[in-house]
$ cat query-v3.tsv   # TSV, C-alpha atoms and all ligand atoms
chain	number	residue	atom	x	y	z
A	1	MET	CA	0.00	0.00	0.00
A	2	SER	CA	1.39	3.38	-0.92
A	3	GLU	CA	1.58	6.25	1.56
A	4	GLN	CA	-1.28	7.94	-0.33
A	5	ASP	CA	-3.67	5.11	0.52
A	6	ASP	CA	-3.27	5.76	4.24
A	7	ILE	CA	-4.44	9.33	3.99
A	8	ILE	CA	-8.03	9.75	5.16
A	9	PRO	CA	-10.03	12.36	3.19
A	10	ARG	CA	-10.81	15.29	5.49
A	11	ALA	CA	-13.10	18.29	5.55
A	12	GLY	CA	-14.48	20.52	8.27
A	13	VAL	CA	-16.15	23.78	9.14
A	14	ILE	CA	-14.30	26.95	10.11
A	15	GLY	CA	-15.95	29.57	12.28
A	16	TRP	CA	-15.39	31.63	15.42
A	17	PRO	CA	-17.07	30.36	17.47
A	18	VAL	CA	-17.88	27.11	15.74
A	19	ALA	CA	-19.11	24.98	18.65
A	20	HIS	CA	-22.79	25.44	17.69
A	21	SER	CA	-22.35	24.28	14.06
A	22	ARG	CA	-24.54	21.37	13.00
A	23	SER	CA	-22.43	20.66	9.90
A	24	PRO	CA	-20.25	17.99	11.61
A	25	ARG	CA	-23.39	16.02	12.50
A	26	LEU	CA	-24.71	16.42	8.93
A	27	HIS	CA	-21.52	15.31	7.17
A	28	GLY	CA	-20.80	12.69	9.84
A	29	PHE	CA	-24.21	11.15	9.18
A	30	TRP	CA	-23.50	10.96	5.44
A	31	LEU	CA	-19.99	9.53	5.96
A	32	ARG	CA	-21.50	6.72	8.05
A	33	GLN	CA	-24.49	6.22	5.73
A	34	TYR	CA	-22.26	5.72	2.69
A	35	GLY	CA	-19.62	3.76	4.59
A	36	LEU	CA	-16.87	6.23	3.68
A	37	ASN	CA	-13.56	6.47	5.39
A	38	GLY	CA	-13.47	10.23	5.98
A	39	ARG	CA	-13.42	12.92	8.64
A	40	TYR	CA	-15.32	16.17	9.09
A	41	ASP	CA	-14.32	18.34	12.06
A	42	LYS	CA	-15.18	21.56	13.80
A	43	LEU	CA	-12.27	23.92	13.18
A	44	PRO	CA	-12.22	26.99	15.42
A	45	VAL	CA	-10.33	29.70	13.53
A	46	PRO	CA	-10.12	33.24	14.98
A	47	PRO	CA	-10.25	36.07	12.42
A	48	GLU	CA	-6.59	36.97	12.87
A	49	GLU	CA	-5.59	33.41	11.91
A	50	LEU	CA	-7.85	33.08	8.88
A	51	GLU	CA	-5.30	33.92	6.20
A	52	ALA	CA	-2.62	31.62	7.65
A	53	PHE	CA	-5.18	28.84	8.02
A	54	LEU	CA	-6.20	29.08	4.35
A	55	GLN	CA	-2.58	29.14	3.21
A	56	ALA	CA	-1.81	26.01	5.19
A	57	LEU	CA	-4.98	24.13	4.16
A	58	PRO	CA	-3.72	22.64	0.84
A	59	LYS	CA	-0.61	21.34	2.59
A	60	GLU	CA	-2.58	19.35	5.17
A	61	PRO	CA	-2.55	15.67	4.14
A	62	GLY	CA	-5.98	14.56	2.93
A	63	PHE	CA	-7.70	17.93	3.35
A	64	ARG	CA	-10.27	18.24	0.55
A	65	GLY	CA	-11.92	21.46	1.66
A	66	ILE	CA	-14.07	23.21	4.24
A	67	ASN	CA	-17.37	24.84	4.99
A	68	VAL	CA	-17.16	28.44	6.12
A	69	THR	CA	-19.44	29.99	8.72
A	70	LEU	CA	-19.59	33.22	10.71
A	71	PRO	CA	-17.66	35.46	10.83
A	72	HIS	CA	-15.58	34.29	7.85
A	73	LYS	CA	-18.08	34.00	4.97
A	74	MET	CA	-17.05	37.31	3.39
A	75	ALA	CA	-13.52	37.51	4.78
A	76	VAL	CA	-12.34	34.40	2.89
A	77	LEU	CA	-12.99	35.89	-0.56
A	78	PRO	CA	-9.65	37.71	-1.09
A	79	HIS	CA	-7.74	34.53	-0.20
A	80	LEU	CA	-9.30	32.25	-2.83
A	81	ALA	CA	-7.86	31.57	-6.29
A	82	THR	CA	-11.29	31.22	-7.92
A	83	ILE	CA	-14.84	32.02	-6.83
A	84	ASP	CA	-17.96	30.86	-8.60
A	85	PRO	CA	-20.33	33.50	-10.02
A	86	THR	CA	-23.20	32.70	-7.63
A	87	ALA	CA	-20.93	33.19	-4.62
A	88	ARG	CA	-19.76	36.51	-6.09
A	89	ARG	CA	-23.34	37.69	-6.47
A	90	ILE	CA	-24.21	36.62	-2.94
A	91	GLY	CA	-20.97	38.21	-1.75
A	92	ALA	CA	-20.12	35.29	0.51
A	93	VAL	CA	-18.53	31.84	0.35
A	94	ASN	CA	-19.69	28.89	2.45
A	95	THR	CA	-17.86	26.04	0.69
A	96	ILE	CA	-14.18	25.75	-0.29
A	97	VAL	CA	-12.71	22.92	-2.34
A	98	VAL	CA	-8.97	22.30	-2.58
A	99	GLN	CA	-8.22	21.83	-6.29
A	100	PRO	CA	-5.78	19.19	-7.60
A	101	ASP	CA	-3.13	21.93	-8.06
A	102	GLY	CA	-3.57	23.03	-4.41
A	103	SER	CA	-5.47	26.23	-5.20
A	104	LEU	CA	-8.67	27.07	-3.35
A	105	HIS	CA	-12.06	27.35	-5.10
A	106	GLY	CA	-14.95	29.07	-3.29
A	107	SER	CA	-18.66	28.64	-3.85
A	108	ASN	CA	-21.89	29.42	-2.05
A	109	THR	CA	-24.43	26.63	-1.74
A	110	ASP	CA	-27.04	28.52	0.31
A	111	ALA	CA	-29.10	29.56	-2.74
A	112	PHE	CA	-29.01	25.95	-3.97
A	113	GLY	CA	-30.01	24.72	-0.50
A	114	PHE	CA	-32.91	27.15	-0.31
A	115	ILE	CA	-34.37	26.16	-3.69
A	116	GLU	CA	-33.76	22.44	-3.25
A	117	ASN	CA	-35.55	22.56	0.11
A	118	LEU	CA	-38.59	24.20	-1.48
A	119	LYS	CA	-38.53	21.72	-4.38
A	120	ALA	CA	-38.38	18.79	-1.95
A	121	GLN	CA	-41.08	19.96	0.45
A	122	ALA	CA	-43.45	22.23	-1.52
A	123	PRO	CA	-46.54	20.90	-3.33
A	124	SER	CA	-45.52	19.65	-6.78
A	125	ASN	CA	-47.58	22.31	-8.56
A	126	TRP	CA	-45.86	25.18	-6.74
A	127	SER	CA	-43.41	27.27	-8.78
A	128	ALA	CA	-41.32	30.29	-7.83
A	129	ALA	CA	-42.10	31.71	-11.26
A	130	ALA	CA	-45.86	31.75	-10.60
A	131	GLY	CA	-46.07	34.83	-8.40
A	132	PRO	CA	-44.31	37.57	-6.44
A	133	ALA	CA	-42.22	36.57	-3.43
A	134	VAL	CA	-42.30	38.47	-0.15
A	135	LEU	CA	-39.03	38.43	1.80
A	136	LEU	CA	-38.82	39.57	5.41
A	137	GLY	CA	-35.28	40.57	6.37
A	138	ALA	CA	-32.24	41.93	4.55
A	139	GLY	CA	-29.26	40.17	6.15
A	140	GLY	CA	-26.83	37.62	4.78
A	141	ALA	CA	-29.46	34.89	4.43
A	142	ALA	CA	-31.68	37.24	2.42
A	143	ARG	CA	-28.89	37.80	-0.13
A	144	ALA	CA	-28.64	34.10	-0.94
A	145	ILE	CA	-32.42	33.77	-1.14
A	146	ILE	CA	-32.72	36.78	-3.46
A	147	VAL	CA	-30.17	35.21	-5.82
A	148	ALA	CA	-32.01	31.87	-5.64
A	149	LEU	CA	-35.38	33.42	-6.43
A	150	LEU	CA	-34.06	35.60	-9.26
A	151	ASP	CA	-32.50	32.50	-10.82
A	152	ALA	CA	-35.76	30.58	-10.32
A	153	ALA	CA	-37.54	33.28	-12.38
A	154	ALA	CA	-39.61	34.82	-9.57
A	155	PRO	CA	-41.42	37.69	-11.34
A	156	ALA	CA	-41.09	40.14	-8.43
A	157	LEU	CA	-39.47	40.27	-4.99
A	158	ARG	CA	-40.98	42.43	-2.27
A	159	LEU	CA	-38.29	43.23	0.28
A	160	ILE	CA	-39.36	44.20	3.76
A	161	ASN	CA	-36.88	44.98	6.51
A	162	ARG	CA	-37.08	46.79	9.83
A	163	SER	CA	-34.17	48.98	8.69
A	164	ARG	CA	-35.46	50.09	5.30
A	165	GLY	CA	-32.04	51.26	4.12
A	166	LYS	CA	-30.66	47.72	4.01
A	167	ALA	CA	-33.55	46.59	1.81
A	168	GLU	CA	-32.99	49.59	-0.46
A	169	ALA	CA	-29.32	48.73	-0.84
A	170	LEU	CA	-30.26	45.18	-1.89
A	171	ALA	CA	-32.84	46.48	-4.37
A	172	ALA	CA	-30.25	48.83	-5.89
A	173	GLU	CA	-27.78	45.97	-6.21
A	174	PHE	CA	-30.06	43.22	-7.50
A	175	GLY	CA	-32.20	45.20	-9.90
A	176	PRO	CA	-35.69	46.08	-11.04
A	177	ARG	CA	-37.49	42.90	-9.99
A	178	LEU	CA	-36.97	43.99	-6.37
A	179	GLU	CA	-39.36	46.37	-4.63
A	180	VAL	CA	-38.93	47.76	-1.11
A	181	ILE	CA	-41.92	47.96	1.21
A	182	ASP	CA	-41.97	49.44	4.73
A	183	TRP	CA	-41.83	47.04	7.68
A	184	GLU	CA	-45.03	48.60	9.05
A	185	ARG	CA	-46.85	47.62	5.84
A	186	ARG	CA	-45.72	43.98	5.81
A	187	ALA	CA	-49.23	42.53	6.22
A	188	GLU	CA	-50.60	44.44	3.20
A	189	ALA	CA	-47.61	43.38	1.11
A	190	LEU	CA	-48.85	39.76	1.18
A	191	GLY	CA	-51.67	40.42	-1.30
A	192	GLY	CA	-51.25	38.33	-4.47
A	193	ALA	CA	-47.99	36.74	-3.28
A	194	GLY	CA	-46.92	33.23	-4.28
A	195	LEU	CA	-44.29	32.88	-1.56
A	196	LEU	CA	-43.56	34.34	1.88
A	197	VAL	CA	-40.12	33.77	3.41
A	198	ASN	CA	-38.96	34.84	6.85
A	199	THR	CA	-35.20	35.45	6.72
A	200	THR	CA	-35.12	37.42	9.97
A	201	SER	CA	-34.20	35.96	13.33
A	202	LEU	CA	-37.70	36.68	14.64
A	203	GLY	CA	-39.44	33.55	15.90
A	204	MET	CA	-36.18	31.79	16.76
A	205	SER	CA	-35.94	30.35	20.30
A	206	GLY	CA	-34.99	33.23	22.59
A	207	GLN	CA	-35.92	35.93	20.04
A	208	PRO	CA	-39.12	37.99	19.85
A	209	PRO	CA	-41.98	36.48	17.82
A	210	LEU	CA	-42.58	37.46	14.20
A	211	GLU	CA	-45.76	39.49	14.19
A	212	ILE	CA	-47.48	39.57	10.83
A	213	ALA	CA	-51.18	39.19	10.00
A	214	LEU	CA	-51.62	36.61	7.24
A	215	ASP	CA	-55.17	37.58	6.19
A	216	ASP	CA	-54.10	39.02	2.81
A	217	LEU	CA	-51.92	36.05	1.84
A	218	PRO	CA	-53.46	33.89	-0.92
A	219	ARG	CA	-54.24	30.38	0.39
A	220	ASN	CA	-52.05	28.73	-2.24
A	221	ALA	CA	-48.99	30.83	-1.35
A	222	LEU	CA	-46.07	28.84	0.03
A	223	VAL	CA	-44.69	29.91	3.42
A	224	ASN	CA	-41.09	29.20	4.38
A	225	ASP	CA	-39.22	30.10	7.54
A	226	ILE	CA	-35.45	29.82	7.53
A	227	VAL	CA	-35.61	29.63	11.32
A	228	TYR	CA	-35.47	25.93	12.26
A	229	SER	CA	-35.19	26.16	16.02
A	230	PRO	CA	-38.04	25.64	16.77
A	231	LEU	CA	-38.73	23.59	13.65
A	232	GLU	CA	-42.40	24.52	13.62
A	233	THR	CA	-42.32	28.28	14.12
A	234	ASP	CA	-45.39	30.28	14.98
A	235	LEU	CA	-45.38	31.60	11.38
A	236	LEU	CA	-45.46	28.09	9.90
A	237	ALA	CA	-48.12	26.91	12.35
A	238	ARG	CA	-50.36	29.89	11.56
A	239	ALA	CA	-49.83	29.41	7.81
A	240	ARG	CA	-50.75	25.70	7.98
A	241	ALA	CA	-53.77	26.44	10.18
A	242	ARG	CA	-55.26	28.63	7.45
A	243	GLY	CA	-54.49	26.10	4.71
A	244	ASN	CA	-51.26	27.44	3.22
A	245	PRO	CA	-48.52	24.96	2.26
A	246	ALA	CA	-45.57	25.53	4.59
A	247	VAL	CA	-41.93	24.45	4.48
A	248	ASP	CA	-39.61	24.44	7.49
A	249	GLY	CA	-36.07	25.76	7.44
A	250	LEU	CA	-34.12	22.65	8.40
A	251	GLY	CA	-34.00	21.43	4.80
A	252	MET	CA	-32.07	24.51	3.65
A	253	LEU	CA	-29.27	23.58	6.06
A	254	LEU	CA	-29.29	19.96	4.90
A	255	HIS	CA	-29.46	20.62	1.15
A	256	GLN	CA	-26.74	23.32	1.23
A	257	GLY	CA	-24.35	20.64	2.46
A	258	ARG	CA	-24.80	18.37	-0.57
A	259	PRO	CA	-22.42	19.99	-3.12
A	260	GLY	CA	-19.55	20.21	-0.63
A	261	PHE	CA	-19.91	16.60	0.50
A	262	GLU	CA	-19.93	15.40	-3.10
A	263	ALA	CA	-16.84	17.45	-3.99
A	264	TRP	CA	-14.86	16.31	-0.94
A	265	PHE	CA	-15.90	12.69	-0.58
A	266	GLY	CA	-17.04	11.71	-4.10
A	267	VAL	CA	-20.61	10.64	-3.32
A	268	ALA	CA	-23.73	12.72	-4.07
A	269	PRO	CA	-25.59	12.50	-0.72
A	270	GLU	CA	-29.34	12.45	-0.17
A	271	VAL	CA	-31.53	14.33	2.28
A	272	THR	CA	-33.74	11.70	3.90
A	273	PRO	CA	-36.20	11.55	6.82
A	274	ALA	CA	-33.54	9.63	8.78
A	275	LEU	CA	-31.08	12.48	8.27
A	276	ARG	CA	-33.64	15.05	9.40
A	277	ALA	CA	-34.36	12.99	12.53
A	278	ALA	CA	-30.65	12.65	13.33
A	279	ILE	CA	-30.04	16.40	13.05
A	280	LEU	CA	-33.11	17.22	15.11
A	281	ALA	CA	-32.02	14.81	17.83
A	282	ASP	CA	-28.86	16.89	18.26
A	301	LIG	P1	-28.57	36.68	8.70
A	301	LIG	O1	-27.20	36.84	8.14
A	301	LIG	O2	-28.80	35.32	9.29
A	301	LIG	O3	-29.64	37.04	7.74
A	301	LIG	P2	-28.48	39.20	10.07
A	301	LIG	O4	-27.62	39.74	9.03
A	301	LIG	O5	-28.13	39.47	11.50
A	301	LIG	O6	-28.64	37.63	9.98
A	301	LIG	O7	-29.98	39.69	9.79
A	301	LIG	C1	-30.96	39.56	10.72
A	301	LIG	C2	-32.27	40.08	10.11
A	301	LIG	O8	-33.27	39.98	11.12
A	301	LIG	C3	-32.19	41.53	9.69
A	301	LIG	O9	-33.00	41.70	8.55
A	301	LIG	C4	-32.78	42.24	10.90
A	301	LIG	O10	-33.36	43.49	10.62
A	301	LIG	P3	-32.47	44.84	10.66
A	301	LIG	O11	-31.71	44.88	9.37
A	301	LIG	O12	-33.44	45.93	10.79
A	301	LIG	O13	-31.55	44.70	11.85
A	301	LIG	C5	-33.85	41.27	11.30
A	301	LIG	N1	-34.26	41.45	12.68
A	301	LIG	C6	-33.59	41.07	13.80
A	301	LIG	N2	-34.29	41.43	14.91
A	301	LIG	C7	-35.41	42.06	14.48
A	301	LIG	C8	-36.54	42.67	15.14
A	301	LIG	N3	-36.64	42.67	16.49
A	301	LIG	N4	-37.51	43.22	14.37
A	301	LIG	C9	-37.43	43.20	13.03
A	301	LIG	N5	-36.40	42.63	12.34
A	301	LIG	C10	-35.41	42.07	13.06
$ encode --input "query-v3.tsv" --output "structure tokens" --more "lines below"
Ligand code: ATR
Amino acid sequence: MSEQDDIIPRAGVIGWPVAHSRSPRLHGFWLRQYGLNGRYDKLPVPPEELEAFLQALPKEPGFRGINVTLPHKMAVLPHLATIDPTARRIGAVNTIVVQPDGSLHGSNTDAFGFIENLKAQAPSNWSAAAGPAVLLGAGGAARAIIVALLDAAAPALRLINRSRGKAEALAAEFGPRLEVIDWERRAEALGGAGLLVNTTSLGMSGQPPLEIALDDLPRNALVNDIVYSPLETDLLARARARGNPAVDGLGMLLHQGRPGFEAWFGVAPEVTPALRAAILAD
């Protein structure tokens, strides 16, 4: 056996702090499910060590790449040899793959994860192209979701954020399909919508609830919350109670992990009920 054969393929997630990350459980589940000899670790990297860490990464035996979480998702960009166009538009990288020549390639799989989650859980006749989308929030998650919905041919995006200026900046950047509506008018903005997405932290355990009257939302509009702790948020429960199809946010986390796992470990992994249960049991 050559020395190469002894090297276990490795990946991990960098963040600061990184203790809360669910990615090790996600990738660990897939490694076991597919019987692969591989490792995926939590890698605490403080901001001042980021550049040195990325320089050293290709020299680590077996290291195939990493996921990137807060606060490094934007900071990694200047240190990568190539960045895919979707990640550039989102302005953040969450997946890095070490190329055969040792250079680092960055991508962002959050937009993919968002759309794949809707495809997997929404009614089969639902389409992003069928009606305007209403987005609550204008943070990092909103950027990925805007890119996803523009690429999925959503005809219009209504952006609603407590700080209106942030929504205006996104509208200026992403173009004429985006419209900014005041936070105080969020309930009225639901008229005629085909999709409502909460990208704010409201409704998360320990955060204030998301207050929004759903009366104007068409009954066939899909409702998605990117908050997944709790899994069934008050928004999703209220949407289901009035007959709207609703999709929880856990799937976005699970689906965003697929492209990285495939690139690092060579198997295209599936999101299954058993995987969902394992992550929720965490
Ligand atoms: P992420 O990167 O996960 O999207 P973020 O950038 O911190 O997180 O964004 C959090 C979002 O939740 C923002 O849109 C924020 O609104 P502001 O831009 O006005 O801060 C929104 N948010 C957080 N707390 C809120 C609250 N109490 N009321 C309304 N919106 C809130």
$ atom_distance --input "query-v3.tsv" --atom1 "CA of Ser21 in chain A" --atom2 "CA of Arg162 in chain A"
27.2 Å
$ closest_atom_pairs --input "query-v3.tsv" --of "chain A" --to "ligand LIG 301 (chain A)" --cutoff "6 Å" --atoms "all atoms listed in the file" --output "Markdown table"
| residue | atom | partner | partner_atom | distance |
| --- | --- | --- | --- | --- |
| A:Gly137 | CA | A:LIG301 | O9 | 3.4 |
| A:Ala138 | CA | A:LIG301 | O9 | 4.1 |
| A:Gly139 | CA | A:LIG301 | O4 | 3.3 |
| A:Gly140 | CA | A:LIG301 | O1 | 3.5 |
| A:Ala141 | CA | A:LIG301 | O3 | 4.0 |
| A:Ala142 | CA | A:LIG301 | O3 | 5.7 |
| A:Asn161 | CA | A:LIG301 | O9 | 5.5 |
| A:Arg162 | CA | A:LIG301 | O12 | 3.9 |
| A:Ser163 | CA | A:LIG301 | O12 | 3.8 |
| A:Thr199 | CA | A:LIG301 | O3 | 5.9 |
| A:Thr200 | CA | A:LIG301 | O8 | 3.4 |
| A:Ser201 | CA | A:LIG301 | O8 | 4.7 |
| A:Leu202 | CA | A:LIG301 | C7 | 5.8 |
$ closest_residue --input "query-v3.tsv" --among "A:Gln99, A:Ser107, A:Ser127, A:Asn244" --to "Pro155 in chain A" --atoms "only C-alpha atoms"
A:Ser127
$ residues_around --input "query-v3.tsv" --residues "range 5-15 of chain A" --least-positions-apart "6" --cutoff "8 Å" --atoms "all atoms listed in the file" --output "list in words"
Ser21, Ser23, Pro24, Asn37, Gly38, Arg39, Tyr40, Asp41, Lys42, Leu43, Pro44, Val45, Pro46, Pro61, Gly62, Phe63, Arg64, Gly65, Ile66, Asn67, Val68, Thr69, Leu70, Pro71, His72, Trp264 and Phe265 of chain A
$ atom_distance --input "query-v3.tsv" --atom1 "CA of Asp225 in chain A" --atom2 "CA of Asn198 in chain A"
4.8 Å
$ closest_atom_pairs --input "query-v3.tsv" --of "range 145-262 of chain A" --to "range 28-35 of chain A" --cutoff "12 Å" --atoms "all atoms listed in the file" --output "tab-separated table"
residue	atom	partner	partner_atom	distance
A:Leu254	CA	A:Trp30	CA	10.7
A:Gly257	CA	A:Trp30	CA	10.2
A:Arg258	CA	A:Trp30	CA	9.6
A:Gly260	CA	A:Trp30	CA	11.7
A:Phe261	CA	A:Trp30	CA	8.3
A:Glu262	CA	A:Trp30	CA	10.3
$ closest_residue --input "query-v3.tsv" --among "A:Ala87, A:Ala128, A:Ala172, A:Ile145" --to "Met252 in chain A" --atoms "all atoms listed in the file"
A:Ile145
$ closest_residue --input "query-v3.tsv" --among "A:Ile115, A:Leu150, A:Ala263, A:Ala213" --to "Val247 in chain A" --atoms "all atoms listed in the file"
A:Ile115
$ residues_around --input "query-v3.tsv" --residues "Leu250 in chain A" --least-positions-apart "6" --cutoff "8 Å" --atoms "all atoms listed in the file" --output "list in words"
Ile226, Val227, Tyr228, Leu231 and Arg276 of chain A
$ closest_residue --input "query-v3.tsv" --among "A:Leu57, A:Asp248, A:Gly191, A:Asn220" --to "Asn125 in chain A" --atoms "all atoms listed in the file"
A:Asn220
